[in-house]
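> upload-v1.json is reproduced in full below (JSON, C-alpha atoms).
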```json
[["chain", "number", "residue", "atom", "x", "y", "z"],
["V", 1, "MET", "CA", 303.74, 144.35, 202.05],
["V", 2, "PHE", "CA", 304.53, 147.07, 199.53],
["V", 3, "ILE", "CA", 307.72, 146.61, 197.50],
["V", 4, "LEU", "CA", 309.01, 149.06, 194.90],
["V", 5, "VAL", "CA", 311.35, 147.73, 192.21],
["V", 6, "THR", "CA", 313.52, 150.09, 190.17],
["V", 7, "GLY", "CA", 316.44, 149.81, 187.73],
["V", 8, "ALA", "CA", 317.50, 150.68, 184.21],
["V", 9, "ALA", "CA", 315.68, 149.57, 181.06],
["V", 10, "SER", "CA", 316.01, 145.82, 180.44],
["V", 11, "SER", "CA", 317.94, 145.36, 183.70],
["V", 12, "GLY", "CA", 315.67, 142.44, 184.64],
["V", 13, "LYS", "CA", 313.19, 144.37, 186.83],
["V", 14, "SER", "CA", 310.10, 142.59, 185.49],
["V", 15, "GLU", "CA", 311.61, 139.15, 185.74],
["V", 16, "TYR", "CA", 312.76, 139.84, 189.29],
["V", 17, "ALA", "CA", 309.36, 141.27, 190.29],
["V", 18, "GLU", "CA", 307.60, 138.22, 188.88],
["V", 19, "ASP", "CA", 309.93, 135.84, 190.71],
["V", 20, "LEU", "CA", 309.29, 137.82, 193.87],
["V", 21, "VAL", "CA", 305.53, 137.40, 193.47],
["V", 22, "CYS", "CA", 305.95, 133.68, 192.81],
["V", 23, "SER", "CA", 308.19, 133.27, 195.86],
["V", 24, "MET", "CA", 305.46, 134.63, 198.10],
["V", 25, "GLU", "CA", 302.91, 132.34, 199.67],
["V", 26, "ALA", "CA", 300.21, 131.01, 197.41],
["V", 27, "GLY", "CA", 297.16, 133.15, 196.85],
["V", 28, "LYS", "CA", 295.55, 135.04, 194.04],
["V", 29, "ARG", "CA", 298.12, 136.66, 191.73],
["V", 30, "ILE", "CA", 297.04, 139.70, 189.78],
["V", 31, "TYR", "CA", 299.05, 141.40, 187.07],
["V", 32, "ILE", "CA", 298.07, 144.99, 186.44],
["V", 33, "ALA", "CA", 299.31, 146.01, 183.00],
["V", 34, "THR", "CA", 299.38, 149.75, 182.33],
["V", 35, "MET", "CA", 301.01, 149.69, 178.90],
["V", 36, "GLU", "CA", 298.55, 150.69, 176.19],
["V", 37, "ARG", "CA", 297.90, 148.02, 173.60],
["V", 38, "LYS", "CA", 299.43, 149.86, 170.65],
["V", 39, "SER", "CA", 301.28, 148.31, 167.74],
["V", 40, "TYR", "CA", 304.70, 149.61, 168.82],
["V", 41, "ASN", "CA", 304.20, 148.09, 172.30],
["V", 42, "LEU", "CA", 303.15, 144.63, 171.18],
["V", 43, "THR", "CA", 306.65, 143.09, 171.11],
["V", 44, "LYS", "CA", 307.27, 144.10, 174.71],
["V", 45, "ILE", "CA", 303.75, 143.13, 175.81],
["V", 46, "ASN", "CA", 304.16, 139.69, 174.23],
["V", 47, "ARG", "CA", 307.60, 139.21, 175.79],
["V", 48, "HIS", "CA", 306.23, 140.00, 179.26],
["V", 49, "LYS", "CA", 303.20, 137.77, 178.59],
["V", 50, "SER", "CA", 305.39, 134.77, 177.77],
["V", 51, "LEU", "CA", 307.47, 135.45, 180.91],
["V", 52, "ARG", "CA", 304.28, 135.32, 182.98],
["V", 53, "SER", "CA", 302.65, 132.34, 181.31],
["V", 54, "GLY", "CA", 302.10, 129.35, 183.58],
["V", 55, "LYS", "CA", 302.65, 131.41, 186.72],
["V", 56, "GLY", "CA", 298.94, 131.74, 187.42],
["V", 57, "PHE", "CA", 298.43, 135.45, 186.98],
["V", 58, "GLU", "CA", 295.06, 137.04, 186.41],
["V", 59, "THR", "CA", 295.64, 140.08, 184.18],
["V", 60, "ILE", "CA", 293.93, 143.44, 184.52],
["V", 61, "GLU", "CA", 294.70, 145.77, 181.62],
["V", 62, "ILE", "CA", 294.22, 149.34, 182.76],
["V", 63, "SER", "CA", 296.19, 152.24, 181.33],
["V", 64, "LYS", "CA", 295.06, 154.90, 183.82],
["V", 65, "ASP", "CA", 292.84, 155.62, 186.86],
["V", 66, "LEU", "CA", 293.84, 152.66, 189.02],
["V", 67, "SER", "CA", 291.24, 153.61, 191.65],
["V", 68, "SER", "CA", 288.60, 152.11, 189.35],
["V", 69, "VAL", "CA", 289.95, 148.61, 190.09],
["V", 70, "GLN", "CA", 287.29, 146.93, 192.23],
["V", 71, "LYS", "CA", 288.36, 146.46, 195.82],
["V", 72, "ASN", "CA", 286.86, 142.97, 196.20],
["V", 73, "ARG", "CA", 288.69, 141.84, 193.07],
["V", 74, "ILE", "CA", 292.11, 142.46, 194.64],
["V", 75, "LYS", "CA", 291.31, 141.61, 198.28],
["V", 76, "GLY", "CA", 293.86, 139.17, 199.70],
["V", 77, "SER", "CA", 295.82, 139.05, 196.45],
["V", 78, "THR", "CA", 299.42, 139.70, 195.51],
["V", 79, "ILE", "CA", 299.56, 142.37, 192.82],
["V", 80, "LEU", "CA", 302.30, 143.01, 190.33],
["V", 81, "LEU", "CA", 301.89, 146.55, 188.95],
["V", 82, "GLU", "CA", 303.78, 147.26, 185.76],
["V", 83, "ASP", "CA", 304.76, 149.96, 185.41],
["V", 84, "ILE", "CA", 304.78, 153.47, 186.90],
["V", 85, "PRO", "CA", 306.56, 155.30, 184.02],
["V", 86, "ASN", "CA", 303.81, 154.13, 181.65],
["V", 87, "LEU", "CA", 301.04, 154.92, 184.07],
["V", 88, "LEU", "CA", 302.32, 158.47, 184.58],
["V", 89, "ALA", "CA", 302.71, 159.06, 180.83],
["V", 90, "ASN", "CA", 299.17, 157.79, 180.23],
["V", 91, "GLU", "CA", 297.74, 159.98, 182.99],
["V", 92, "LEU", "CA", 299.62, 163.13, 181.97],
["V", 93, "PHE", "CA", 299.34, 162.93, 178.20],
["V", 94, "TYR", "CA", 295.97, 161.19, 177.68],
["V", 95, "GLU", "CA", 294.01, 164.38, 177.15],
["V", 96, "ARG", "CA", 296.80, 166.89, 176.66],
["V", 97, "LYS", "CA", 299.56, 167.02, 174.10],
["V", 98, "SER", "CA", 301.49, 169.47, 176.22],
["V", 99, "ILE", "CA", 301.53, 169.78, 180.02],
["V", 100, "THR", "CA", 303.98, 172.67, 180.29],
["V", 101, "GLY", "CA", 302.56, 175.39, 182.53],
["V", 102, "HIS", "CA", 299.67, 173.22, 183.74],
["V", 103, "ASN", "CA", 301.16, 172.99, 187.19],
["V", 104, "THR", "CA", 297.94, 172.37, 189.11],
["V", 105, "PHE", "CA", 296.98, 169.56, 186.75],
["V", 106, "ILE", "CA", 300.46, 168.03, 187.10],
["V", 107, "SER", "CA", 300.57, 168.13, 190.90],
["V", 108, "GLU", "CA", 296.99, 166.89, 191.25],
["V", 109, "THR", "CA", 297.70, 164.02, 188.86],
["V", 110, "ALA", "CA", 300.83, 163.08, 190.81],
["V", 111, "GLU", "CA", 298.94, 163.06, 194.12],
["V", 112, "ARG", "CA", 296.14, 161.00, 192.61],
["V", 113, "ILE", "CA", 298.56, 158.41, 191.19],
["V", 114, "ILE", "CA", 300.29, 158.08, 194.58],
["V", 115, "ASN", "CA", 296.93, 157.66, 196.32],
["V", 116, "ASP", "CA", 295.76, 155.13, 193.71],
["V", 117, "ILE", "CA", 298.88, 153.02, 194.23],
["V", 118, "LEU", "CA", 298.59, 153.22, 198.01],
["V", 119, "PHE", "CA", 294.92, 152.19, 197.58],
["V", 120, "LEU", "CA", 296.09, 149.08, 195.68],
["V", 121, "SER", "CA", 298.57, 148.39, 198.45],
["V", 122, "SER", "CA", 296.08, 148.73, 201.30],
["V", 123, "SER", "CA", 293.38, 146.75, 199.47],
["V", 124, "SER", "CA", 295.62, 143.77, 198.67],
["V", 125, "LYS", "CA", 297.92, 141.51, 200.63],
["V", 126, "ASN", "CA", 301.08, 142.40, 198.74],
["V", 127, "LEU", "CA", 301.86, 144.97, 196.10],
["V", 128, "ILE", "CA", 304.99, 144.84, 193.99],
["V", 129, "ALA", "CA", 305.24, 147.95, 191.83],
["V", 130, "VAL", "CA", 307.77, 148.29, 189.03],
["V", 131, "THR", "CA", 309.20, 151.73, 188.34],
["V", 132, "GLY", "CA", 312.48, 152.68, 186.62],
["V", 133, "ASP", "CA", 315.42, 155.03, 186.42],
["V", 134, "LEU", "CA", 314.57, 157.61, 183.78],
["V", 135, "THR", "CA", 316.30, 160.60, 185.26],
["V", 136, "SER", "CA", 320.01, 159.81, 184.88],
["V", 137, "GLY", "CA", 320.11, 160.91, 181.25],
["V", 138, "GLY", "CA", 320.81, 164.62, 181.57],
["V", 139, "TYR", "CA", 318.98, 167.82, 180.77],
["V", 140, "ASP", "CA", 318.70, 167.53, 177.00],
["V", 141, "HIS", "CA", 314.91, 167.23, 176.87],
["V", 142, "ASP", "CA", 311.92, 169.32, 175.82],
["V", 143, "PRO", "CA", 309.94, 171.11, 178.59],
["V", 144, "ASP", "CA", 307.14, 168.50, 178.59],
["V", 145, "THR", "CA", 309.61, 165.67, 179.15],
["V", 146, "LEU", "CA", 311.38, 167.61, 181.91],
["V", 147, "SER", "CA", 308.02, 168.21, 183.64],
["V", 148, "TYR", "CA", 307.23, 164.52, 183.26],
["V", 149, "LEU", "CA", 310.61, 163.54, 184.76],
["V", 150, "GLU", "CA", 310.26, 165.93, 187.69],
["V", 151, "THR", "CA", 306.80, 164.52, 188.45],
["V", 152, "PHE", "CA", 308.10, 160.99, 188.05],
["V", 153, "GLY", "CA", 310.87, 161.72, 190.58],
["V", 154, "PHE", "CA", 308.33, 163.06, 193.06],
["V", 155, "ILE", "CA", 306.12, 159.98, 192.70],
["V", 156, "ASN", "CA", 309.09, 157.62, 193.12],
["V", 157, "ARG", "CA", 310.30, 159.41, 196.25],
["V", 158, "SER", "CA", 306.81, 159.38, 197.77],
["V", 159, "LEU", "CA", 306.27, 155.70, 196.98],
["V", 160, "ALA", "CA", 309.73, 154.66, 198.19],
["V", 161, "LYS", "CA", 309.05, 156.47, 201.47],
["V", 162, "ALA", "CA", 305.76, 154.63, 201.91],
["V", 163, "SER", "CA", 307.21, 151.28, 200.83],
["V", 164, "ASP", "CA", 308.36, 148.41, 203.03],
["V", 165, "ALA", "CA", 311.23, 147.70, 200.65],
["V", 166, "LEU", "CA", 312.98, 149.30, 197.67],
["V", 167, "ILE", "CA", 314.98, 147.08, 195.34],
["V", 168, "GLU", "CA", 317.23, 148.29, 192.54],
["V", 169, "VAL", "CA", 317.91, 145.64, 189.90],
["V", 170, "VAL", "CA", 321.36, 146.06, 188.31],
["V", 171, "CYS", "CA", 322.24, 143.69, 185.41],
["V", 172, "LYS", "CA", 319.65, 141.22, 186.77],
["V", 173, "ILE", "CA", 321.14, 141.43, 190.29],
["V", 174, "PRO", "CA", 318.71, 142.70, 192.94],
["V", 175, "CYS", "CA", 320.24, 145.23, 195.36],
["V", 176, "ILE", "CA", 318.29, 146.01, 198.50],
["V", 177, "ILE", "CA", 318.22, 149.77, 199.01],
["V", 178, "LYS", "CA", 315.57, 149.80, 201.75],
["V", 179, "GLY", "CA", 313.94, 147.19, 203.93],
["V", 180, "GLU", "CA", 314.20, 143.43, 203.92],
["V", 181, "ILE", "CA", 313.03, 140.79, 201.47],
["F", 182, "MET", "CA", 332.84, 166.79, 202.68],
["F", 183, "ILE", "CA", 329.73, 164.71, 202.04],
["F", 184, "PHE", "CA", 329.14, 164.15, 198.35],
["F", 185, "ILE", "CA", 325.64, 163.19, 197.26],
["F", 186, "THR", "CA", 325.08, 161.81, 193.80],
["F", 187, "GLY", "CA", 322.07, 160.16, 192.14],
["F", 188, "PRO", "CA", 319.57, 160.76, 189.37],
["F", 189, "LYS", "CA", 317.82, 164.10, 188.95],
["F", 190, "TYR", "CA", 314.81, 164.48, 191.25],
["F", 191, "SER", "CA", 316.01, 161.64, 193.45],
["F", 192, "GLY", "CA", 315.89, 163.74, 196.63],
["F", 193, "LYS", "CA", 319.54, 164.81, 197.07],
["F", 194, "LYS", "CA", 318.86, 168.28, 198.42],
["F", 195, "GLU", "CA", 316.06, 167.03, 200.67],
["F", 196, "TYR", "CA", 318.50, 164.52, 202.12],
["F", 197, "VAL", "CA", 321.02, 167.22, 203.02],
["F", 198, "LYS", "CA", 318.25, 169.24, 204.65],
["F", 199, "GLU", "CA", 317.18, 166.20, 206.63],
["F", 200, "LEU", "CA", 320.76, 165.49, 207.65],
["F", 201, "PHE", "CA", 321.31, 169.03, 208.87],
["F", 202, "SER", "CA", 317.95, 169.41, 210.59],
["F", 203, "ASP", "CA", 319.37, 167.09, 213.27],
["F", 204, "THR", "CA", 322.60, 169.03, 213.73],
["F", 205, "GLY", "CA", 321.11, 172.49, 213.32],
["F", 206, "GLU", "CA", 323.63, 173.38, 210.60],
["F", 207, "THR", "CA", 322.72, 175.89, 207.91],
["F", 208, "TYR", "CA", 323.22, 175.32, 204.19],
["F", 209, "ASP", "CA", 325.66, 178.22, 203.85],
["F", 210, "ASP", "CA", 328.52, 175.82, 203.31],
["F", 211, "CYS", "CA", 326.69, 173.54, 200.88],
["F", 212, "VAL", "CA", 326.67, 173.51, 197.09],
["F", 213, "PHE", "CA", 323.65, 172.02, 195.35],
["F", 214, "ASP", "CA", 323.52, 170.90, 191.71],
["F", 215, "ALA", "CA", 327.29, 171.23, 191.34],
["F", 216, "GLU", "CA", 327.12, 169.84, 187.79],
["F", 217, "MET", "CA", 325.64, 173.16, 186.72],
["F", 218, "LEU", "CA", 328.98, 174.81, 187.56],
["F", 219, "VAL", "CA", 330.51, 173.01, 184.57],
["F", 220, "ALA", "CA", 327.57, 173.63, 182.24],
["F", 221, "ASP", "CA", 329.67, 176.13, 180.29],
["F", 222, "THR", "CA", 333.05, 175.39, 178.79],
["F", 223, "MET", "CA", 335.71, 174.43, 181.34],
["F", 224, "SER", "CA", 339.01, 172.62, 180.88],
["F", 225, "ASP", "CA", 339.83, 169.44, 182.78],
["F", 226, "GLU", "CA", 342.39, 171.39, 184.78],
["F", 227, "GLU", "CA", 339.80, 174.01, 185.73],
["F", 228, "ILE", "CA", 337.38, 171.27, 186.77],
["F", 229, "LYS", "CA", 340.08, 169.83, 189.03],
["F", 230, "ILE", "CA", 340.59, 173.23, 190.65],
["F", 231, "LEU", "CA", 336.82, 173.49, 191.11],
["F", 232, "ALA", "CA", 336.74, 170.02, 192.72],
["F", 233, "ASP", "CA", 339.57, 171.02, 195.10],
["F", 234, "HIS", "CA", 337.59, 174.11, 196.05],
["F", 235, "LEU", "CA", 334.36, 172.14, 196.57],
["F", 236, "ALA", "CA", 336.23, 169.58, 198.70],
["F", 237, "SER", "CA", 336.39, 172.15, 201.51],
["F", 238, "LYS", "CA", 332.59, 172.47, 201.59],
["F", 239, "ARG", "CA", 330.37, 170.69, 204.10],
["F", 240, "ALA", "CA", 328.16, 168.97, 201.52],
["F", 241, "VAL", "CA", 327.97, 168.96, 197.73],
["F", 242, "THR", "CA", 325.26, 167.45, 195.52],
["F", 243, "ALA", "CA", 325.52, 166.68, 191.80],
["F", 244, "SER", "CA", 323.11, 164.85, 189.54],
["F", 245, "GLU", "CA", 324.11, 161.79, 187.59],
["F", 246, "ILE", "CA", 323.44, 162.89, 184.01],
["F", 247, "GLY", "CA", 325.69, 160.53, 182.07],
["F", 248, "SER", "CA", 323.33, 157.59, 181.58],
["F", 249, "GLY", "CA", 320.88, 157.40, 178.73],
["F", 250, "VAL", "CA", 321.49, 158.12, 175.07],
["F", 251, "VAL", "CA", 324.56, 160.14, 174.05],
["F", 252, "PRO", "CA", 323.12, 163.57, 173.17],
["F", 253, "THR", "CA", 323.33, 164.54, 169.50],
["F", 254, "ASP", "CA", 323.98, 168.12, 170.59],
["F", 255, "LYS", "CA", 327.72, 168.72, 170.93],
["F", 256, "SER", "CA", 327.51, 171.11, 173.90],
["F", 257, "GLN", "CA", 325.19, 168.74, 175.78],
["F", 258, "ARG", "CA", 327.56, 165.89, 175.03],
["F", 259, "GLU", "CA", 330.53, 167.80, 176.36],
["F", 260, "PHE", "CA", 328.56, 169.01, 179.36],
["F", 261, "ARG", "CA", 327.81, 165.49, 180.54],
["F", 262, "GLU", "CA", 331.47, 164.52, 180.06],
["F", 263, "ARG", "CA", 332.52, 167.43, 182.30],
["F", 264, "ALA", "CA", 329.79, 166.60, 184.82],
["F", 265, "GLY", "CA", 330.96, 162.99, 184.99],
["F", 266, "LEU", "CA", 334.56, 164.08, 185.50],
["F", 267, "LEU", "CA", 333.55, 166.48, 188.28],
["F", 268, "SER", "CA", 331.49, 163.84, 190.10],
["F", 269, "GLY", "CA", 334.39, 161.39, 190.06],
["F", 270, "LEU", "CA", 336.78, 164.01, 191.42],
["F", 271, "LEU", "CA", 334.31, 164.99, 194.14],
["F", 272, "ALA", "CA", 333.79, 161.37, 195.18],
["F", 273, "GLN", "CA", 337.58, 160.93, 195.47],
["F", 274, "ARG", "CA", 337.83, 163.98, 197.70],
["F", 275, "ALA", "CA", 334.77, 163.27, 199.84],
["F", 276, "ASP", "CA", 334.83, 161.57, 203.25],
["F", 277, "THR", "CA", 331.38, 160.23, 202.60],
["F", 278, "VAL", "CA", 329.64, 159.47, 199.32],
["F", 279, "ILE", "CA", 325.90, 158.88, 199.24],
["F", 280, "ARG", "CA", 323.86, 157.85, 196.24],
["F", 281, "MET", "CA", 320.16, 158.68, 196.35],
["F", 282, "ILE", "CA", 317.66, 156.28, 194.80],
["F", 283, "CYS", "CA", 314.01, 157.31, 194.91],
["F", 284, "GLY", "CA", 314.77, 159.45, 197.97],
["F", 285, "ILE", "CA", 316.51, 156.61, 199.83],
["F", 286, "PRO", "CA", 320.23, 157.06, 200.64],
["F", 287, "GLN", "CA", 322.74, 154.35, 199.78],
["F", 288, "ILE", "CA", 326.21, 154.72, 201.30],
["F", 289, "LEU", "CA", 328.92, 154.18, 198.68],
["F", 290, "LYS", "CA", 331.89, 155.42, 200.68],
["F", 291, "ASP", "CA", 332.33, 156.21, 204.36],
["F", 292, "THR", "CA", 335.81, 156.92, 205.68],
["F", 293, "LYS", "CA", 334.72, 158.73, 208.84]]
```
Once more with this new file: its structure as C-alpha cells, please.


Amino acid sequence: MFILVTGAASSGKSEYAEDLVCSMEAGKRIYIATMERKSYNLTKINRHKSLRSGKGFETIEISKDLSSVQKNRIKGSTILLEDIPNLLANELFYERKSITGHNTFISETAERIINDILFLSSSSKNLIAVTGDLTSGGYDHDPDTLSYLETFGFINRSLAKASDALIEVVCKIPCIIKGEI
Amino acid sequence: MIFITGPKYSGKKEYVKELFSDTGETYDDCVFDAEMLVADTMSDEEIKILADHLASKRAVTASEIGSGVVPTDKSQREFRERAGLLSGLLAQRADTVIRMICGIPQILKDTK
C-alpha cells in the first residue's frame, strides 16, 4: 500500500504518519530520513527522533538518491519516508546554487525522484510518504524557489495519482482526500 | 459555474480539461488563474463586478495564495488580499466548488 500524507507545517503530519505505520500489522519498520544533519535542523531532527523512540523503527539517513537503498533491506517492510520537500531541495540544490533555466535537469530530477519513490513502494510492503503544502503562499518568491515549487507540485500530483490513499492532516485531524485507510 | 481553488501547481487546469474531455466542451468559456485578474490595483467594488461577470462562465480556477508568511512587499500583500476576496466571491456564486490537493479533487460545495 502506498499512502501519501500532506498538510501544512506542524499540522501533525509526521505524528499521524507514524501512528499509521504503528497501526499496521507487525513487521519491519523503516524510517527513511531525508533531512540533512545540519546544525539548524537538529532541533527538528531530535523532536522527530523522540516521537519515534520505542516504536521499533530502523532508521536510514539518506538525503538524496533513494534508488541506492538496497532492495533486500526494505523487502516486506513498512517504510515511513520523511519528507519529499527536503528530498527535492537536496536533489535540486546539491550541486547547483541556481536551477533557473536548467529545465532538462529539473524535469529529469523530478522523474527520477518519482521513480525512486515508486521503487521504494514496489520493493516494500507499505510506503507512507510525507509531503506538504508549500504552494499556497503566493507568488512572492525568487525564480529558483518558483521553479522548485512548480517541480514540487508536479511530483505531488504524480505521486498522489499513483497512491492508494492521500491524506491531508489539518490541525492534527486526518482528512481522507483519496482512497480508504 | 464550477469554481476550482487549491494551491498553485495542484492540478486545477488539468482537472477542468479532464472534466470537459468527457463532455466534449471547449475551454472557450473558462477562465484560468483568475487571481491574476486582480494582480493590479482594483477596488473591492470592482472585484465584485468582476466576480459577477465570472459567475456566468462555465468554469473558473484561482490559486489559493493567502497562506504562508505575510509578504513584506506592500503590493504583494494587497494582491493576496484581493485574490482572497475574489475567491470567496466566486465560491459564493458557484454551483460547484472544488478544491484540488495534489491533483485530487475535493468537493467543497455542490448545489446541482

> Up to 7 Å from chain V, what residues of chain F turn up? Count all atoms listed in the file and give them as a short mmCIF file (atom, residue, chain, number, x, y, z; two decimals) with C-alpha atoms, in the frame of the given file.


```
data_model
loop_
_atom_site.label_atom_id
_atom_site.label_comp_id
_atom_site.auth_asym_id
_atom_site.auth_seq_id
_atom_site.Cartn_x
_atom_site.Cartn_y
_atom_site.Cartn_z
CA PRO F 188 319.57 160.76 189.37
CA LYS F 189 317.82 164.10 188.95
CA TYR F 190 314.81 164.48 191.25
CA SER F 191 316.01 161.64 193.45
CA GLU F 245 324.11 161.79 187.59
CA ILE F 246 323.44 162.89 184.01
CA GLY F 247 325.69 160.53 182.07
CA SER F 248 323.33 157.59 181.58
CA GLY F 249 320.88 157.40 178.73
CA VAL F 250 321.49 158.12 175.07
CA GLN F 257 325.19 168.74 175.78
CA CYS F 283 314.01 157.31 194.91
CA GLY F 284 314.77 159.45 197.97
CA GLN F 287 322.74 154.35 199.78
#
```

> One decimal, Å: what's the distance from atom CA of V:Tyr31 over to atom CA of V:Gly179, could you say?

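Here the two named atoms are 23.2 Å from each other.
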
> Which residues are near stretch 212-218 of chain F? Cut-off 12 Å, all atoms listed in the file, ignore same chain within fewer than 4 positions. Put them as a VMD selection string.

(chain V and resid 138 to 139) or (chain F and resid 182 to 190 192 to 198 207 to 208 222 to 223 227 to 228 231 to 232 234 to 247 257 260 to 271)

> What separation in Å, quoted to one decimal, exists between atom CA of F:Ala275 and atom CA of F:Lys293?

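Atom CA of F:Ala275 sits 10.1 Å away from atom CA of F:Lys293.
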
> I'd like the interatomic distance between atom CA of V:Lys125 and atom CA of V:Lys44, to a tenth of an Å.

27.7 Å

> Rank nothing, just name the residue among V:Arg37, V:Tyr148, V:Ser53, V:Gln70 nearest to V:Leu88, using all atoms listed in the file.

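Closest residue, counting all atoms listed in the file: V:Tyr148.
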
> Give me the residues near V:Ala89 as a compact mmCIF listing (two decimals) with C-alpha atoms, in the frame of the given file, where near means some atom within 12 Å (using all atoms listed in the file) and where sequence neighbours in that chain fewer than 3 positions away do not count.


```txt
# COMPACT_ATOMS: atom_id res chain seq x y z
CA THR V 34 299.38 149.75 182.33
CA MET V 35 301.01 149.69 178.90
CA GLU V 36 298.55 150.69 176.19
CA SER V 63 296.19 152.24 181.33
CA LYS V 64 295.06 154.90 183.82
CA ASP V 83 304.76 149.96 185.41
CA ILE V 84 304.78 153.47 186.90
CA PRO V 85 306.56 155.30 184.02
CA ASN V 86 303.81 154.13 181.65
CA LEU V 92 299.62 163.13 181.97
CA PHE V 93 299.34 162.93 178.20
CA TYR V 94 295.97 161.19 177.68
CA GLU V 95 294.01 164.38 177.15
CA ARG V 96 296.80 166.89 176.66
CA LYS V 97 299.56 167.02 174.10
CA SER V 98 301.49 169.47 176.22
CA ILE V 99 301.53 169.78 180.02
CA ILE V 106 300.46 168.03 187.10
CA THR V 109 297.70 164.02 188.86
CA ALA V 110 300.83 163.08 190.81
CA ILE V 113 298.56 158.41 191.19
CA ASP V 144 307.14 168.50 178.59
CA THR V 145 309.61 165.67 179.15
CA SER V 147 308.02 168.21 183.64
CA TYR V 148 307.23 164.52 183.26
CA LEU V 149 310.61 163.54 184.76
CA THR V 151 306.80 164.52 188.45
CA PHE V 152 308.10 160.99 188.05
```

> V:Ala165, V:Leu42, V:Arg52, V:Leu118: which is nearest V:Glu180, counting all atoms listed in the file?

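Using all atoms listed in the file, V:Glu180 sits closest to V:Ala165.
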
> Would you kindly return, as a list in words, each protein, DNA or RNA residue with an atom no farther than 7 Å from any atom of V:Leu81, considering all atoms listed in the file and excluding same-chain residues fewer than 4 positions away?

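Surrounding residues, per the criterion: Tyr31, Ile32, Ala33, Ile128, Ala129 and Val130 of chain V.
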
> What's around V:Asp116 at 10 Å? Count only C-alpha atoms, leave out sequence neighbours fewer than 4 positions away in its own chain, and write the answer as number ranges by chain.

V: 64-69, 110-112, 120-122

> Name the closest residue to F:Glu199 among the candidates F:Thr277, F:Lys290, F:Ile285, F:Asp221; distances are taken between atoms, counting only C-alpha atoms.

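Nearest to F:Glu199: F:Ile285.
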
> Which is closest to V:Glu91 among V:Lys55, V:Leu127, V:Ser23, V:Ser107, if we use all atoms listed in the file?

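Using all atoms listed in the file, the shortest distance to V:Glu91 belongs to V:Ser107.
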
> Skipping near chain neighbours, those fewer than 3 positions away, what residues fall within 10 Å of V:Lys28 using all atoms listed in the file, listed as a list in words?

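In the requested format, the answer is Glu25, Gly56, Phe57, Glu58, Arg73, Ile74, Lys75, Gly76, Ser77, Thr78, Ile79, Ser124 and Lys125 of chain V.
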